[in-house]
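To keep things clear, I will list the structure first and then write my remarks on it.
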Amino acid sequence: MTFEGTLQKIGILFGLMTISALGTVVLGFIVPGLLYPMMLFGMFGTIGMGIYLVFSRPSNPQTPVMIYAFMEGFFIGPLTLFFELSYPGIAIQAGLATLGVIGAMLTIYSLRIIRPTPTFNKIVFSLTASIMFIYFISIVFMFIPGVSIPFLHSSGPIGIGISLFIIVVASLMLISNFGMIEAGVRMGAPKQQEWWGAYGILVTVLWLYFEMLRLLSKLRDN
């Protein structure tokens with residue numbers, strides 16, 4: 001495992017995700033009725049593939065991770081378009097804000113201001129697992145009319161505060177991702193671990209971007 005190899009695989013995964021995202025957006029403009037089904041396909045597809053990766057932990061994750069990245073585009077592309085149509089300019093704002101957070105976290109990590117200690121990672125992973133569980137419950141509630149998780153989607157102060165908290169957790173997850181990649185390189189982990197490192201970065205960055213879209217939309221509603 002090397003830094004160069006991991007960066008290469010990060011580029012491959014983001015490239016696959018971008019291609020599928022742009023493809024769904026173009027197709028959505030041609031056939032608008034496909035946008036929502038494509039987004040649902042991407043959402044449930046990535047959830048299923050994510051569960052498979054977490055519990056099976058394949059020794060060579062290249063193929064499932066690449067499939068995950070490609071399917072992620074089916075979710076993030078239509079989702080971005082929906083937000084952009086409702087709040088013009090929000091996609092660029094969310095993208096720039098996400099890049100800013102990535103740069104800040106990379107600087108903080110490089111300067112060793114925050115270290116991904118075992119205790120730090122346990123706390124961040126626990127918070128992340130709790131948030132993902134809430135997301136899952138929220139998705140289930142989507143199919144039950146009149147039922148939702150209080151404040152999660154609201155644009156009031158509590159809803160904005162929840163989004164800010166989630167963004168902080170996602171930002172700290174980047175520190176854990178950086179730490180795992182550095183540890184893998186330092187310990188001479190197998191080459192396949194580069195795909196796991198790239199996968200972690202992809203998931204965290206897209207999570208951060210998703211929450212930036214939600215936060216900015218809540219702020220616009222006010």
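A note on labels: chains of the structure tokens are A, B, ... as shown, every chain counts residues from 1, and ligands are counted from 1 in their shown order.
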9 Å contact set for Thr98 of chain A, only C-alpha atoms, chain neighbours under 6 positions out, as a list of chain:residue names: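 That gives A:Val205, A:Leu206, A:Leu208, A:Tyr209, A:Met212.
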Considering only alpha helix (DSSP H) as DSSP defines it on the backbone, what residues of segment 77-191 of chain A qualify? List them as a ChimeraX atom specification. /A:77-86,90-110,118-141,157-186
Output of the above residues as a PDB file, in the first residue's frame, restricted to C-alpha atoms:
```pdb
ATOM      1  CA  GLY A  77     -26.504  13.367  -9.606  1.00  0.00           C
ATOM      2  CA  PRO A  78     -30.324  13.572  -9.461  1.00  0.00           C
ATOM      3  CA  LEU A  79     -30.173  14.746  -5.838  1.00  0.00           C
ATOM      4  CA  THR A  80     -27.892  17.641  -6.792  1.00  0.00           C
ATOM      5  CA  LEU A  81     -30.184  18.551  -9.684  1.00  0.00           C
ATOM      6  CA  PHE A  82     -33.251  18.567  -7.405  1.00  0.00           C
ATOM      7  CA  PHE A  83     -31.484  20.896  -4.971  1.00  0.00           C
ATOM      8  CA  GLU A  84     -30.153  23.100  -7.776  1.00  0.00           C
ATOM      9  CA  LEU A  85     -33.601  23.542  -9.313  1.00  0.00           C
ATOM     10  CA  SER A  86     -35.043  24.504  -5.914  1.00  0.00           C
ATOM     11  CA  ILE A  90     -26.490  25.702  -4.232  1.00  0.00           C
ATOM     12  CA  ALA A  91     -24.500  22.927  -5.945  1.00  0.00           C
ATOM     13  CA  ILE A  92     -21.444  25.124  -6.466  1.00  0.00           C
ATOM     14  CA  GLN A  93     -21.732  26.517  -2.939  1.00  0.00           C
ATOM     15  CA  ALA A  94     -21.949  23.030  -1.428  1.00  0.00           C
ATOM     16  CA  GLY A  95     -19.054  21.819  -3.584  1.00  0.00           C
ATOM     17  CA  LEU A  96     -16.805  24.715  -2.584  1.00  0.00           C
ATOM     18  CA  ALA A  97     -17.750  24.349   1.079  1.00  0.00           C
ATOM     19  CA  THR A  98     -16.948  20.626   0.921  1.00  0.00           C
ATOM     20  CA  LEU A  99     -13.564  21.306  -0.681  1.00  0.00           C
ATOM     21  CA  GLY A 100     -12.880  23.912   1.996  1.00  0.00           C
ATOM     22  CA  VAL A 101     -13.597  21.427   4.784  1.00  0.00           C
ATOM     23  CA  ILE A 102     -11.409  18.783   3.124  1.00  0.00           C
ATOM     24  CA  GLY A 103      -8.543  21.264   2.871  1.00  0.00           C
ATOM     25  CA  ALA A 104      -8.988  22.365   6.471  1.00  0.00           C
ATOM     26  CA  MET A 105      -9.086  18.791   7.786  1.00  0.00           C
ATOM     27  CA  LEU A 106      -6.038  17.804   5.736  1.00  0.00           C
ATOM     28  CA  THR A 107      -4.152  20.799   7.155  1.00  0.00           C
ATOM     29  CA  ILE A 108      -5.249  19.986  10.705  1.00  0.00           C
ATOM     30  CA  TYR A 109      -4.169  16.374  10.215  1.00  0.00           C
ATOM     31  CA  SER A 110      -0.838  17.323   8.642  1.00  0.00           C
ATOM     32  CA  PRO A 118      -7.975   4.670  19.014  1.00  0.00           C
ATOM     33  CA  THR A 119     -10.259   6.558  21.409  1.00  0.00           C
ATOM     34  CA  PHE A 120     -10.868   9.302  18.836  1.00  0.00           C
ATOM     35  CA  ASN A 121     -11.726   6.729  16.162  1.00  0.00           C
ATOM     36  CA  LYS A 122     -14.099   4.845  18.468  1.00  0.00           C
ATOM     37  CA  ILE A 123     -16.002   8.024  19.291  1.00  0.00           C
ATOM     38  CA  VAL A 124     -16.206   9.128  15.646  1.00  0.00           C
ATOM     39  CA  PHE A 125     -17.238   5.674  14.432  1.00  0.00           C
ATOM     40  CA  SER A 126     -19.895   5.417  17.144  1.00  0.00           C
ATOM     41  CA  LEU A 127     -21.339   8.822  16.262  1.00  0.00           C
ATOM     42  CA  THR A 128     -21.265   7.959  12.566  1.00  0.00           C
ATOM     43  CA  ALA A 129     -23.029   4.625  13.146  1.00  0.00           C
ATOM     44  CA  SER A 130     -25.718   6.410  15.182  1.00  0.00           C
ATOM     45  CA  ILE A 131     -26.251   9.000  12.436  1.00  0.00           C
ATOM     46  CA  MET A 132     -26.455   6.286   9.771  1.00  0.00           C
ATOM     47  CA  PHE A 133     -29.072   4.478  11.839  1.00  0.00           C
ATOM     48  CA  ILE A 134     -31.112   7.681  12.034  1.00  0.00           C
ATOM     49  CA  TYR A 135     -30.766   8.071   8.254  1.00  0.00           C
ATOM     50  CA  PHE A 136     -32.031   4.516   7.803  1.00  0.00           C
ATOM     51  CA  ILE A 137     -35.059   5.138  10.026  1.00  0.00           C
ATOM     52  CA  SER A 138     -35.720   8.374   8.131  1.00  0.00           C
ATOM     53  CA  ILE A 139     -35.694   6.477   4.819  1.00  0.00           C
ATOM     54  CA  VAL A 140     -38.177   3.938   6.203  1.00  0.00           C
ATOM     55  CA  PHE A 141     -40.424   6.781   7.374  1.00  0.00           C
ATOM     56  CA  PRO A 157     -32.585  26.549  14.653  1.00  0.00           C
ATOM     57  CA  ILE A 158     -32.684  22.954  15.929  1.00  0.00           C
ATOM     58  CA  GLY A 159     -32.705  21.524  12.393  1.00  0.00           C
ATOM     59  CA  ILE A 160     -29.776  23.744  11.399  1.00  0.00           C
ATOM     60  CA  GLY A 161     -27.948  22.747  14.566  1.00  0.00           C
ATOM     61  CA  ILE A 162     -28.435  19.058  13.760  1.00  0.00           C
ATOM     62  CA  SER A 163     -26.988  19.584  10.275  1.00  0.00           C
ATOM     63  CA  LEU A 164     -23.990  21.452  11.701  1.00  0.00           C
ATOM     64  CA  PHE A 165     -23.364  18.638  14.190  1.00  0.00           C
ATOM     65  CA  ILE A 166     -23.489  16.022  11.427  1.00  0.00           C
ATOM     66  CA  ILE A 167     -21.079  18.079   9.307  1.00  0.00           C
ATOM     67  CA  VAL A 168     -18.648  18.229  12.240  1.00  0.00           C
ATOM     68  CA  VAL A 169     -18.829  14.437  12.649  1.00  0.00           C
ATOM     69  CA  ALA A 170     -18.302  13.914   8.896  1.00  0.00           C
ATOM     70  CA  SER A 171     -15.327  16.281   9.009  1.00  0.00           C
ATOM     71  CA  LEU A 172     -13.788  14.355  11.903  1.00  0.00           C
ATOM     72  CA  MET A 173     -14.348  11.134   9.975  1.00  0.00           C
ATOM     73  CA  LEU A 174     -11.954  12.508   7.366  1.00  0.00           C
ATOM     74  CA  ILE A 175      -9.271  12.626  10.069  1.00  0.00           C
ATOM     75  CA  SER A 176      -9.904   8.943  10.770  1.00  0.00           C
ATOM     76  CA  ASN A 177      -9.741   8.181   7.028  1.00  0.00           C
ATOM     77  CA  PHE A 178      -6.406   9.981   6.700  1.00  0.00           C
ATOM     78  CA  GLY A 179      -5.082   8.145   9.732  1.00  0.00           C
ATOM     79  CA  MET A 180      -6.083   4.719   8.422  1.00  0.00           C
ATOM     80  CA  ILE A 181      -4.415   5.389   5.068  1.00  0.00           C
ATOM     81  CA  GLU A 182      -1.208   6.604   6.725  1.00  0.00           C
ATOM     82  CA  ALA A 183      -1.187   3.623   9.103  1.00  0.00           C
ATOM     83  CA  GLY A 184      -1.706   1.208   6.212  1.00  0.00           C
ATOM     84  CA  VAL A 185       1.214   2.670   4.276  1.00  0.00           C
ATOM     85  CA  ARG A 186       3.458   2.739   7.347  1.00  0.00           C
TER      86      ARG A 186
END
```
Interatomic distance between atom CA of Ser154 of chain A and atom CA of Gly73 of chain A? 26.0 Å
Which value, in Å to one decimal, gives the distance between atom CA of Leu219 of chain A and atom CA of Ser155 of chain A?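 So the two atoms, atom CA of Leu219 of chain A and atom CA of Ser155 of chain A, lie 7.0 Å apart.
With distances restricted to only C-alpha atoms, A:Tyr87 is the closest residue to Asp221 of chain A from A:Tyr36, A:Tyr199, A:Tyr87, A:Phe151.
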Computed interatomic separation between atom CA of Gly28 of chain A and atom CA of Gly45 of chain A (Å): 18.4 Å
Applying 12 Å and only C-alpha atoms, which residues near Thr18 of chain A remain after dropping the ones on its own chain fewer than 3 positions away? List them as a PyMOL selection string. chain A and resi 11-15+21-25+69-78+80+202+206
Output the selection as a PDB file, in the first residue's frame - C-alpha atoms for each residue.
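Everything below was put into result_0.pdb:
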```
ATOM      1  CA  GLY A  11      -9.245   9.371  -8.594  1.00  0.00           C
ATOM      2  CA  ILE A  12     -10.721   6.245 -10.209  1.00  0.00           C
ATOM      3  CA  LEU A  13     -13.638   6.088  -7.771  1.00  0.00           C
ATOM      4  CA  PHE A  14     -14.459   9.787  -8.018  1.00  0.00           C
ATOM      5  CA  GLY A  15     -14.152   9.549 -11.806  1.00  0.00           C
ATOM      6  CA  ALA A  21     -23.731  11.431 -11.929  1.00  0.00           C
ATOM      7  CA  LEU A  22     -23.377  13.524 -15.095  1.00  0.00           C
ATOM      8  CA  GLY A  23     -25.003  10.757 -17.134  1.00  0.00           C
ATOM      9  CA  THR A  24     -28.061  10.657 -14.881  1.00  0.00           C
ATOM     10  CA  VAL A  25     -28.387  14.446 -14.953  1.00  0.00           C
ATOM     11  CA  ALA A  69     -18.844   4.438  -6.759  1.00  0.00           C
ATOM     12  CA  PHE A  70     -20.707   4.100 -10.051  1.00  0.00           C
ATOM     13  CA  MET A  71     -24.049   3.573  -8.307  1.00  0.00           C
ATOM     14  CA  GLU A  72     -23.363   6.516  -6.004  1.00  0.00           C
ATOM     15  CA  GLY A  73     -23.534   8.754  -9.044  1.00  0.00           C
ATOM     16  CA  PHE A  74     -27.110   7.608  -9.677  1.00  0.00           C
ATOM     17  CA  PHE A  75     -27.987   9.049  -6.273  1.00  0.00           C
ATOM     18  CA  ILE A  76     -25.851  12.169  -6.021  1.00  0.00           C
ATOM     19  CA  GLY A  77     -26.504  13.367  -9.606  1.00  0.00           C
ATOM     20  CA  PRO A  78     -30.324  13.572  -9.461  1.00  0.00           C
ATOM     21  CA  THR A  80     -27.892  17.641  -6.792  1.00  0.00           C
ATOM     22  CA  LEU A 202     -15.300   8.601  -1.228  1.00  0.00           C
ATOM     23  CA  LEU A 206     -20.029  12.461  -0.492  1.00  0.00           C
TER      24      LEU A 206
END
```
Smallest atom-to-atom distance to Ile201 of chain A: which of A:Phe143, A:Leu40, A:Asn60, A:Thr6, using only C-alpha atoms?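 Comparing A:Phe143, A:Leu40, A:Asn60, A:Thr6 against Ile201 of chain A, the winner is A:Thr6.
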